[in-house]
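Undergrad: The file below is query-v7.txt, compact mmCIF, C-alpha atoms (C1' of nucleotides):
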# COMPACT_ATOMS: atom_id res chain seq x y z
CA MET A 38 0.00 0.00 0.00
CA GLY A 39 1.04 3.65 0.07
CA ASP A 40 2.65 3.41 3.47
CA THR A 41 5.76 5.51 3.63
CA LYS A 42 8.75 3.90 5.27
CA ILE A 43 9.30 5.13 8.83
CA ARG A 44 12.82 5.81 9.93
CA GLN A 45 13.82 3.79 12.96
CA ARG A 46 16.66 6.16 13.54
CA ASP A 47 16.03 9.86 13.41
CA ALA A 48 18.30 12.31 15.17
CA GLN A 49 15.79 15.14 14.90
CA ARG A 50 13.03 13.14 16.48
CA THR A 51 15.27 11.72 19.19
CA ARG A 52 16.59 15.14 20.12
CA HIS A 53 13.06 16.44 20.23
CA ASN A 54 11.87 13.56 22.40
CA ILE A 55 14.66 14.12 24.88
CA LEU A 56 13.97 17.83 25.12
CA GLN A 57 10.27 17.27 25.59
CA ALA A 58 10.78 14.66 28.30
CA ALA A 59 13.34 16.91 29.95
CA GLN A 60 10.86 19.78 30.11
CA THR A 61 8.30 17.55 31.77
CA VAL A 62 10.70 16.04 34.27
CA PHE A 63 12.47 19.28 35.13
CA SER A 64 9.05 20.86 35.69
CA THR A 65 7.94 18.26 38.17
CA ARG A 66 10.89 17.52 40.40
CA PRO A 67 13.95 19.23 41.82
CA TYR A 68 17.01 19.27 39.60
CA SER A 69 18.91 16.79 41.75
CA GLU A 70 16.03 14.33 41.65
CA ALA A 71 15.45 14.71 37.93
CA SER A 72 17.77 12.01 36.68
CA LEU A 73 18.80 11.54 33.09
CA LYS A 74 17.67 7.97 33.51
CA ASP A 75 14.13 9.18 34.23
CA ILE A 76 14.16 11.57 31.33
CA CYS A 77 15.43 8.96 28.91
CA ARG A 78 13.00 6.33 30.06
CA ILE A 79 10.17 8.73 29.27
CA ALA A 80 11.73 9.74 25.98
CA GLY A 81 12.28 6.09 25.09
CA VAL A 82 15.92 6.73 24.42
CA ASN A 83 19.34 5.63 25.60
CA VAL A 84 20.99 7.68 28.34
CA ALA A 85 24.20 8.22 26.45
CA LEU A 86 22.35 10.18 23.81
CA VAL A 87 21.80 13.09 26.14
CA ASN A 88 25.48 13.78 26.08
CA ARG A 89 25.71 13.25 22.36
CA TYR A 90 22.91 15.71 21.61
CA PHE A 91 23.12 18.19 24.46
CA GLY A 92 26.58 17.88 25.96
CA SER A 93 25.55 17.55 29.60
CA LYS A 94 22.64 17.50 32.01
CA GLU A 95 23.23 21.14 32.75
CA LEU A 96 23.05 22.17 29.10
CA LEU A 97 19.95 20.07 28.63
CA PHE A 98 18.37 21.89 31.52
CA GLU A 99 19.27 25.21 29.94
CA MET A 100 17.66 24.17 26.67
CA ALA A 101 14.56 22.95 28.49
CA LEU A 102 14.12 26.10 30.52
CA SER A 103 14.87 28.34 27.60
CA ALA A 104 12.34 26.59 25.41
CA ALA A 105 9.65 26.83 28.07
CA LEU A 106 10.15 30.47 29.04
CA ASP A 107 7.70 32.54 27.08
CA VAL A 108 6.11 35.76 28.13
CA SER A 109 3.91 36.14 25.07
CA ILE A 110 0.84 34.47 26.60
CA PHE A 111 0.67 37.28 29.12
CA VAL A 112 1.40 40.27 26.95
CA SER A 113 -0.83 39.33 24.04
CA VAL A 114 -3.97 40.09 25.97
CA PRO A 115 -5.91 43.34 26.46
CA ARG A 116 -4.58 45.23 29.44
CA GLN A 117 -7.81 45.13 31.36
CA ASP A 118 -7.66 41.32 31.26
CA PHE A 119 -4.07 41.02 32.37
CA GLY A 120 -4.67 39.97 35.97
CA ARG A 121 -7.18 37.36 34.97
CA ALA A 122 -4.92 36.00 32.24
CA VAL A 123 -1.92 35.54 34.52
CA ALA A 124 -4.01 34.13 37.35
CA LYS A 125 -5.56 31.66 34.97
CA VAL A 126 -2.19 30.26 33.98
CA PHE A 127 -0.89 30.25 37.53
CA THR A 128 -3.83 28.53 39.13
CA GLN A 129 -4.63 25.90 36.59
CA ASN A 130 -4.79 22.41 37.94
CA GLU A 131 -1.99 20.66 36.18
CA PRO A 132 0.90 19.95 38.45
CA GLU A 133 2.04 17.65 35.68
CA GLY A 134 3.20 19.01 32.37
CA ILE A 135 5.65 21.57 31.15
CA ASN A 136 5.88 24.63 33.34
CA PRO A 137 8.71 27.16 33.47
CA LEU A 138 8.07 28.48 36.97
CA PRO A 139 9.01 25.31 38.84
CA MET A 140 12.03 24.93 36.60
CA LEU A 141 13.05 28.42 37.57
CA VAL A 142 12.76 27.71 41.26
CA TYR A 143 14.52 24.39 40.92
CA ALA A 144 17.30 26.10 39.00
CA SER A 145 18.26 27.89 42.18
CA ALA A 146 19.42 24.62 43.67
CA GLN A 147 22.78 24.83 41.91
CA SER A 148 24.92 27.88 41.22
CA SER A 149 25.54 27.03 37.61
CA THR A 150 21.89 26.53 36.74
CA ARG A 151 20.94 29.49 38.85
CA ASP A 152 23.25 31.89 37.03
CA MET A 153 21.98 30.63 33.73
CA ALA A 154 18.39 31.03 34.85
CA VAL A 155 18.94 34.58 36.02
CA ASN A 156 20.25 35.54 32.61
CA LEU A 157 17.36 33.88 30.84
CA VAL A 158 14.78 35.51 33.08
CA ASN A 159 16.29 38.91 32.49
CA GLU A 160 16.31 38.60 28.74
CA ARG A 161 13.19 36.58 28.18
CA ILE A 162 10.83 37.73 30.90
CA LEU A 163 11.80 40.89 32.71
CA ALA A 164 12.94 42.91 29.70
CA PRO A 165 10.04 42.16 27.32
CA PHE A 166 7.61 42.51 30.19
CA ALA A 167 9.01 45.88 31.15
CA SER A 168 8.78 47.21 27.63
CA TRP A 169 5.22 45.95 27.34
CA VAL A 170 4.28 47.76 30.53
CA GLY A 171 6.16 50.76 29.19
CA GLY A 172 7.18 54.04 30.73
CA LYS A 173 9.88 54.89 33.18
CA ARG A 174 8.44 52.61 35.83
CA GLY A 175 7.95 49.72 33.45
CA GLN A 176 10.78 47.63 34.80
CA VAL A 177 9.86 48.19 38.41
CA ILE A 178 6.29 47.16 37.78
CA ALA A 179 7.35 44.13 35.83
CA ALA A 180 9.52 43.13 38.77
CA GLN A 181 6.61 43.54 41.17
CA ILE A 182 4.40 41.37 39.02
CA MET A 183 7.07 38.70 38.92
CA ALA A 184 7.51 38.80 42.68
CA ILE A 185 3.81 38.31 43.37
CA ALA A 186 3.40 35.59 40.76
CA THR A 187 6.47 33.71 41.89
CA GLY A 188 5.60 33.94 45.57
CA TYR A 189 2.11 32.72 44.88
CA PHE A 190 3.40 29.90 42.80
CA THR A 191 6.01 28.87 45.32
CA TYR A 192 3.40 28.18 47.96
CA ARG A 193 1.01 26.66 45.50
CA LEU A 194 3.24 24.06 43.89
CA ILE A 195 6.73 24.02 45.34
CA LEU A 196 6.07 24.31 49.07
CA PRO A 197 2.35 23.65 49.12
CA LEU A 198 0.47 25.52 51.84
CA GLU A 199 -3.15 24.96 52.72
CA PRO A 200 -4.72 28.30 51.74
CA PHE A 201 -3.44 27.95 48.18
CA GLU A 202 -5.29 24.71 47.70
CA SER A 203 -8.29 24.28 49.97
CA LYS A 204 -11.61 26.14 50.23
CA GLN A 205 -9.69 29.35 50.71
CA ARG A 206 -8.25 28.84 47.28
CA LYS A 207 -10.90 30.95 45.60
CA ALA A 208 -10.04 33.88 47.83
CA MET A 209 -6.38 33.51 47.00
CA GLU A 210 -7.07 33.44 43.29
CA THR A 211 -9.17 36.55 43.49
CA TRP A 212 -6.46 38.32 45.41
CA LEU A 213 -3.83 37.27 42.87
CA THR A 214 -5.96 38.48 39.97
CA GLU A 215 -6.76 41.80 41.52
CA SER A 216 -3.36 42.67 42.86
CA LEU A 217 -1.78 42.00 39.49
CA GLN A 218 -4.43 44.01 37.68
CA VAL A 219 -3.93 46.96 40.00
CA LEU A 220 -0.27 47.07 39.13
CA ILE A 221 -1.07 47.36 35.44
CA ASP A 222 -3.90 49.83 35.92
CA ASN A 223 -1.67 52.18 37.88
CA ALA A 224 1.33 51.78 35.60
CA MET B 44 46.38 32.41 88.70
CA GLY B 45 42.66 31.99 89.08
CA ASP B 46 42.22 30.80 85.54
CA THR B 47 39.59 28.15 85.36
CA LYS B 48 40.45 25.09 83.37
CA ILE B 49 38.85 25.08 79.95
CA ARG B 50 37.40 21.85 78.70
CA GLN B 51 38.97 20.74 75.47
CA ARG B 52 36.12 18.40 74.87
CA ASP B 53 32.59 19.64 75.30
CA ALA B 54 29.69 17.96 73.60
CA GLN B 55 27.37 20.88 74.24
CA ARG B 56 29.71 23.39 72.70
CA THR B 57 30.54 21.16 69.75
CA ARG B 58 26.89 20.53 69.02
CA HIS B 59 26.22 24.21 69.23
CA ASN B 60 29.13 25.09 66.93
CA ILE B 61 27.92 22.63 64.33
CA LEU B 62 24.38 23.96 64.43
CA GLN B 63 25.54 27.53 64.15
CA ALA B 64 27.83 26.82 61.23
CA ALA B 65 25.07 24.82 59.60
CA GLN B 66 22.67 27.74 59.83
CA THR B 67 25.17 30.02 58.19
CA VAL B 68 26.09 27.63 55.42
CA PHE B 69 22.54 26.48 54.70
CA SER B 70 21.53 30.15 54.49
CA THR B 71 24.12 31.01 51.90
CA ARG B 72 24.20 28.16 49.43
CA PRO B 73 21.89 25.57 47.94
CA TYR B 74 21.48 22.38 49.94
CA SER B 75 23.45 20.28 47.48
CA GLU B 76 26.37 22.70 47.57
CA ALA B 77 26.32 23.03 51.33
CA SER B 78 28.67 20.20 52.20
CA LEU B 79 29.20 18.81 55.67
CA LYS B 80 32.89 19.37 55.06
CA ASP B 81 32.25 23.10 54.68
CA ILE B 82 30.09 23.23 57.75
CA CYS B 83 32.58 21.35 59.86
CA ARG B 84 35.52 23.39 58.67
CA ILE B 85 33.71 26.50 59.84
CA ALA B 86 32.66 24.86 63.08
CA GLY B 87 36.21 23.62 63.64
CA VAL B 88 35.00 20.12 64.11
CA ASN B 89 35.43 16.67 62.62
CA VAL B 90 32.92 15.63 59.94
CA ALA B 91 31.95 12.40 61.65
CA LEU B 92 30.53 14.34 64.56
CA VAL B 93 27.62 15.56 62.50
CA ASN B 94 26.31 12.06 62.40
CA ARG B 95 27.03 11.44 66.04
CA TYR B 96 25.15 14.55 67.17
CA PHE B 97 22.49 14.98 64.50
CA GLY B 98 22.11 11.66 62.74
CA SER B 99 22.37 12.90 59.18
CA LYS B 100 22.77 15.94 56.98
CA GLU B 101 19.03 16.02 56.50
CA LEU B 102 18.28 16.09 60.21
CA LEU B 103 20.92 18.74 60.73
CA PHE B 104 19.20 20.83 58.09
CA GLU B 105 15.89 20.36 59.86
CA MET B 106 17.40 21.53 63.14
CA ALA B 107 19.01 24.50 61.45
CA LEU B 108 15.85 25.63 59.70
CA SER B 109 13.71 25.01 62.73
CA ALA B 110 16.01 27.04 64.96
CA ALA B 111 16.04 29.93 62.50
CA LEU B 112 12.32 30.11 61.79
CA ASP B 113 10.81 32.70 64.05
CA VAL B 114 7.83 34.87 63.36
CA SER B 115 8.02 36.85 66.57
CA ILE B 116 10.07 39.71 65.11
CA PHE B 117 7.15 40.53 62.86
CA VAL B 118 4.24 40.13 65.20
CA SER B 119 5.72 41.94 68.18
CA VAL B 120 5.37 45.31 66.51
CA PRO B 121 2.45 47.78 66.40
CA ARG B 122 0.17 47.00 63.50
CA GLN B 123 0.67 50.30 61.79
CA ASP B 124 4.40 49.56 61.59
CA PHE B 125 4.05 46.05 60.23
CA GLY B 126 4.91 46.77 56.61
CA ARG B 127 7.97 48.74 57.54
CA ALA B 128 9.12 46.09 60.00
CA VAL B 129 8.94 43.24 57.52
CA ALA B 130 10.47 45.28 54.73
CA LYS B 131 13.34 46.22 56.99
CA VAL B 132 14.22 42.62 57.64
CA PHE B 133 13.76 41.60 54.04
CA THR B 134 15.83 44.34 52.49
CA GLN B 135 18.74 44.50 54.87
CA ASN B 136 22.10 44.20 53.28
CA GLU B 137 23.51 41.04 54.70
CA PRO B 138 23.61 38.25 52.22
CA GLU B 139 25.86 36.54 54.73
CA GLY B 140 24.54 35.36 58.04
CA ILE B 141 21.70 33.25 59.29
CA ASN B 142 18.51 33.71 57.34
CA PRO B 143 15.54 31.34 57.22
CA LEU B 144 14.13 32.47 53.88
CA PRO B 145 16.95 31.16 51.72
CA MET B 146 16.96 27.94 53.70
CA LEU B 147 13.29 27.62 52.95
CA VAL B 148 13.78 28.07 49.25
CA TYR B 149 16.78 25.78 49.19
CA ALA B 150 14.76 23.17 51.04
CA SER B 151 12.65 22.76 47.95
CA ALA B 152 15.58 21.19 46.15
CA GLN B 153 14.92 17.79 47.69
CA SER B 154 11.60 16.13 48.47
CA SER B 155 12.57 15.09 51.96
CA THR B 156 13.74 18.54 53.03
CA ARG B 157 10.82 20.11 51.20
CA ASP B 158 8.20 18.09 53.06
CA MET B 159 9.87 18.85 56.32
CA ALA B 160 10.01 22.55 55.49
CA VAL B 161 6.35 22.68 54.56
CA ASN B 162 5.40 21.27 57.95
CA LEU B 163 7.64 23.71 59.77
CA VAL B 164 6.31 26.67 57.82
CA ASN B 165 2.76 25.69 58.58
CA GLU B 166 3.32 25.34 62.29
CA ARG B 167 5.85 28.03 62.92
CA ILE B 168 4.92 30.75 60.45
CA LEU B 169 1.53 30.44 58.83
CA ALA B 170 -0.43 29.41 61.90
CA PRO B 171 0.93 31.94 64.39
CA PHE B 172 0.80 34.61 61.74
CA ALA B 173 -2.81 33.85 60.96
CA SER B 174 -3.86 34.01 64.57
CA TRP B 175 -2.01 37.29 64.97
CA VAL B 176 -3.85 38.75 62.01
CA GLY B 177 -7.02 37.28 63.46
CA GLY B 178 -10.50 36.91 62.11
CA LYS B 179 -11.94 34.59 59.57
CA ARG B 180 -9.65 35.83 56.82
CA GLY B 181 -6.57 35.67 59.01
CA GLN B 182 -5.06 32.66 57.34
CA VAL B 183 -5.69 33.93 53.84
CA ILE B 184 -4.07 37.24 54.61
CA ALA B 185 -1.11 35.57 56.25
CA ALA B 186 -0.68 33.50 53.11
CA GLN B 187 -0.77 36.63 50.95
CA ILE B 188 1.87 38.28 53.07
CA MET B 189 4.07 35.22 52.78
CA ALA B 190 3.65 35.10 49.03
CA ILE B 191 4.69 38.71 48.55
CA ALA B 192 7.60 38.49 50.95
CA THR B 193 8.89 35.25 49.49
CA GLY B 194 8.57 36.41 45.90
CA TYR B 195 10.38 39.61 46.72
CA PHE B 196 13.07 37.74 48.49
CA THR B 197 13.50 35.20 45.73
CA TYR B 198 14.43 37.86 43.22
CA ARG B 199 16.49 39.77 45.70
CA LEU B 200 18.80 37.05 46.95
CA ILE B 201 18.14 33.72 45.28
CA LEU B 202 17.73 34.69 41.64
CA PRO B 203 18.99 38.26 41.79
CA LEU B 204 17.27 40.61 39.35
CA GLU B 205 18.35 44.15 38.64
CA PRO B 206 15.38 46.16 39.99
CA PHE B 207 15.75 44.56 43.41
CA GLU B 208 19.28 45.82 43.77
CA SER B 209 20.05 48.90 41.67
CA LYS B 210 18.74 52.47 41.78
CA GLN B 211 15.22 51.14 41.42
CA ARG B 212 15.70 49.39 44.70
CA LYS B 213 14.18 52.20 46.71
CA ALA B 214 11.01 51.99 44.66
CA MET B 215 10.84 48.26 45.22
CA GLU B 216 11.27 48.65 48.95
CA THR B 217 8.52 51.23 49.13
CA TRP B 218 6.22 48.97 47.18
CA LEU B 219 6.98 46.03 49.47
CA THR B 220 6.34 48.08 52.59
CA GLU B 221 3.08 49.51 51.35
CA SER B 222 1.58 46.43 49.86
CA LEU B 223 2.21 44.49 53.07
CA GLN B 224 0.77 47.28 55.19
CA VAL B 225 -2.35 47.44 53.05
CA LEU B 226 -2.99 43.78 53.71
CA ILE B 227 -2.90 44.32 57.45
CA ASP B 228 -4.91 47.53 57.35
CA ASN B 229 -7.72 45.86 55.43
CA ALA B 230 -7.68 42.67 57.45
C1' DT C 32 45.34 6.25 90.19
C1' DT C 33 42.84 3.95 87.22
C1' DA C 34 39.05 2.00 84.80
C1' DG C 35 35.30 3.12 81.99
C1' DT C 36 32.94 6.14 79.24
C1' DA C 37 32.43 10.35 76.50
C1' DT C 38 34.41 12.75 72.93
C1' DG C 39 37.16 13.21 68.86
C1' DT C 40 39.89 11.61 64.63
C1' DA C 41 41.49 9.63 60.16
C1' DA C 42 40.57 6.76 56.87
C1' DA C 43 37.65 3.21 54.59
C1' DT C 44 33.30 2.37 52.65
C1' DT C 45 29.10 3.19 50.13
C1' DC C 46 26.34 4.99 46.84
C1' DG C 47 24.00 6.78 42.94
C1' DG C 48 24.22 9.45 39.31
C1' DA C 49 26.67 11.59 35.13
C1' DT C 50 29.79 10.79 31.79
C1' DT C 51 32.87 7.91 28.62
C1' DT C 52 34.00 4.11 26.18
C1' DA C 53 33.95 0.53 22.93
C1' DC C 54 31.00 -1.52 20.32
C1' DT C 55 26.66 -2.68 17.17
C1' DT C 56 23.30 -1.69 13.79
C1' DA C 57 20.82 1.17 10.49
C1' DT C 58 20.85 4.29 6.58
C1' DG C 59 21.51 5.90 2.16
C1' DT C 60 24.75 6.80 -1.42
C1' DG C 61 27.85 5.71 -5.25
C1' DC D 196 26.04 -4.54 -3.40
C1' DA D 197 29.34 -2.57 -0.26
C1' DC D 198 31.13 1.07 2.09
C1' DA D 199 31.17 5.24 5.07
C1' DT D 200 29.06 7.34 8.45
C1' DA D 201 25.18 8.53 11.41
C1' DA D 202 22.58 6.74 15.17
C1' DG D 203 21.99 3.86 19.01
C1' DT D 204 23.35 0.54 22.90
C1' DA D 205 25.30 -1.73 27.15
C1' DA D 206 28.51 -1.57 30.24
C1' DA D 207 32.66 0.50 32.42
C1' DT D 208 34.33 4.37 34.62
C1' DC D 209 34.46 8.41 37.33
C1' DC D 210 33.41 11.27 41.01
C1' DG D 211 32.25 13.56 45.11
C1' DA D 212 29.71 13.52 48.83
C1' DA D 213 27.59 11.24 53.10
C1' DT D 214 28.10 7.80 56.17
C1' DT D 215 30.56 4.02 58.91
C1' DT D 216 34.22 2.06 61.00
C1' DA D 217 37.97 1.27 63.97
C1' DC D 218 40.82 3.51 66.64
C1' DA D 219 42.88 7.32 69.96
C1' DT D 220 42.61 10.53 73.58
C1' DA D 221 40.45 13.32 77.25
C1' DC D 222 37.54 13.34 81.14
C1' DT D 223 35.32 11.83 85.49
C1' DA D 224 34.06 9.32 89.28
C1' DA D 225 35.20 5.73 92.45
Take the structure in the file and give it back as structure tokens.

TA:
Amino acid sequence: MGDTKIRQRDAQRTRHNILQAAQTVFSTRPYSEASLKDICRIAGVNVALVNRYFGSKELLFEMALSAALDVSIFVSVPRQDFGRAVAKVFTQNEPEGINPLPMLVYASAQSSTRDMAVNLVNERILAPFASWVGGKRGQVIAAQIMAIATGYFTYRLILPLEPFESKQRKAMETWLTESLQVLIDNA
Amino acid sequence: MGDTKIRQRDAQRTRHNILQAAQTVFSTRPYSEASLKDICRIAGVNVALVNRYFGSKELLFEMALSAALDVSIFVSVPRQDFGRAVAKVFTQNEPEGINPLPMLVYASAQSSTRDMAVNLVNERILAPFASWVGGKRGQVIAAQIMAIATGYFTYRLILPLEPFESKQRKAMETWLTESLQVLIDNA
DNA sequence: TTAGTATGTAAATTCGGATTTACTTATGTG
DNA sequence: CACATAAGTAAATCCGAATTTACATACTAA
């Protein structure tokens, strides 16, 4: 029949699988507990290939974080919906799956990954955010938004505290939404 | 002369030295980079003694965090000074020295230390804080305060971003102070 | 003073993960 | 087809830290 032959070996696909698995794993456990073995089991790939394609665990982490960091979801929305838009992303119920915020926090567990993460956050989040907010105070406001979002997220997924999850959760979400929106409104 | 004999061997003192050094080291570098060798060099003590006196690195970390966590500085101040009081602690210029916030963040780098930290934070910070704030919304407000403070701190010391350090720093401090105070005022 | 225990030390052991190595198998090109 | 090389594999190696061990010395109480 017209079935096209499928490559059993495909560097592109393998590389892609590793990166994808890495994003998932690095999003869901601390760097030190995210083993290459885990990642490669999920990717269906031999461990040695990580070094062939990415050089090291550290560089793989950099790729994974870099590929996941994206501010465009937040700044492609009408300003009056900003708070809601961010809150929506930050409160959604998927502890599994690719998520740059945990990666960011986990990056702080090692100086090398931390330094790398700081650079990425500056270039990819803070700077574009600041210019979207605009004005002389743009960068300061962007920083405030990041602080609130990160703090919220820390106690929601990294160090889970009751109020961020239980019945009080609704109140927390409302607060998050409103306090972010206020920052934009007063920018 | 009347010089009293000084003990060369003193379990109490040794234990204390280890704990103190541990608090310093765990406050200034990620858990995985805070080696027992480092801690014991600072404490002037043999590495094996950590296990004799504390059982393991993990338990030593628990002791260190537990001993450093203390909410009383914040809740022993008149309510109208709350924002200023917290901001003062969180913006002081001593990256060195004992500091529970970094330990808390670094605790998230390992599931065991993370779980332990979550329990400690609940008992020693969130709960007393909530009852100090009082009322039905006490716990929610306490959680909001913690989120802001932690987020701020994260980008000030753990993943250092420009606005938290440079000329814009004053603006950030003012924002921190005011947004915390507002939470208390409206409680 | 001396025996027994508390304290301290140096070195051996363990351990688990990342990285390297030497090798095998597929792919597609002339 | 046969060869060169890209892609993949299994196992060996490395590595650094925590922990254990076996031993040495100080302290105290009888």

Undergrad: With a distance threshold of 9 Å and counting only C-alpha atoms (C1' of nucleotides), extract the residues of chain B near chain D and express them as a PyMOL selection string.

TA: chain B and resi 50-52+78-79+91+94+99-100

Undergrad: So that I have them on file, write out the residues from the current selection with C-alpha atoms, as an mmCIF file, in the frame of the given file.

TA:
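File written: part.cif
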data_model
loop_
_atom_site.group_PDB
_atom_site.id
_atom_site.type_symbol
_atom_site.label_atom_id
_atom_site.label_comp_id
_atom_site.auth_asym_id
_atom_site.auth_seq_id
_atom_site.Cartn_x
_atom_site.Cartn_y
_atom_site.Cartn_z
ATOM 1 C CA ARG B 50 37.400 21.850 78.700
ATOM 2 C CA GLN B 51 38.970 20.740 75.470
ATOM 3 C CA ARG B 52 36.120 18.400 74.870
ATOM 4 C CA SER B 78 28.670 20.200 52.200
ATOM 5 C CA LEU B 79 29.200 18.810 55.670
ATOM 6 C CA ALA B 91 31.950 12.400 61.650
ATOM 7 C CA ASN B 94 26.310 12.060 62.400
ATOM 8 C CA SER B 99 22.370 12.900 59.180
ATOM 9 C CA LYS B 100 22.770 15.940 56.980
#

Undergrad: If we count only C-alpha atoms (C1' of nucleotides), what is near Gln135 in chain B at a cut-off of 12 Å, once residues fewer than 3 positions away on the same chain are taken out, given as a list in words?

TA: Arg127, Ala128, Val129, Ala130, Lys131, Val132, Pro138, Glu139, Gly140, Asn142, Phe196, Arg199, Leu200, Phe207, Glu208, Arg212 and Glu216 of chain B

Undergrad: For the interface of chain B with chain A (cut-off 6 Å, counting only C-alpha atoms), please tabulate each contacting residue of chain B alongside its nearest pair of atoms and their separation in Å to one decimal, rows sorted by chain and increasing number, as CSV.

TA:
residue,atom,partner,partner_atom,distance
B:Pro73,CA,A:Ala146,CA,5.0
B:Ala152,CA,A:Pro67,CA,5.0
B:Val161,CA,A:Leu196,CA,5.7
B:Ala190,CA,A:Gly188,CA,4.1
B:Ile191,CA,A:Ile185,CA,5.3
B:Thr193,CA,A:Gly188,CA,5.3
B:Gly194,CA,A:Gly188,CA,3.9
B:Tyr195,CA,A:Ala184,CA,5.0
B:Leu202,CA,A:Val155,CA,5.7

Undergrad: Counting only C-alpha atoms (C1' of nucleotides), collect the residues of chain C whose closest atom lies at most 8 Å from chain A, and write them out as a list in words.

TA: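 Therefore, the residues near the partner are DG48, DA49, DT50 and DA57 of chain C.
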
Undergrad: In Å, with one decimal, what is the gap from CA of Gln57 in chain A to CA of Thr150 in chain A?

TA: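 CA of Thr150 in chain A lies at a distance of 18.6 Å from CA of Gln57 in chain A.
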
Undergrad: Hey, can you check how far CA of Ile221 in chain A sits from CA of Lys173 in chain A?

TA: 13.5 Å

Undergrad: Measure the distance from C1' of DT44 in chain C to CA of Glu101 in chain B in Å and round it to one decimal.

TA: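 Computing it gives 20.1 Å between the two atoms.
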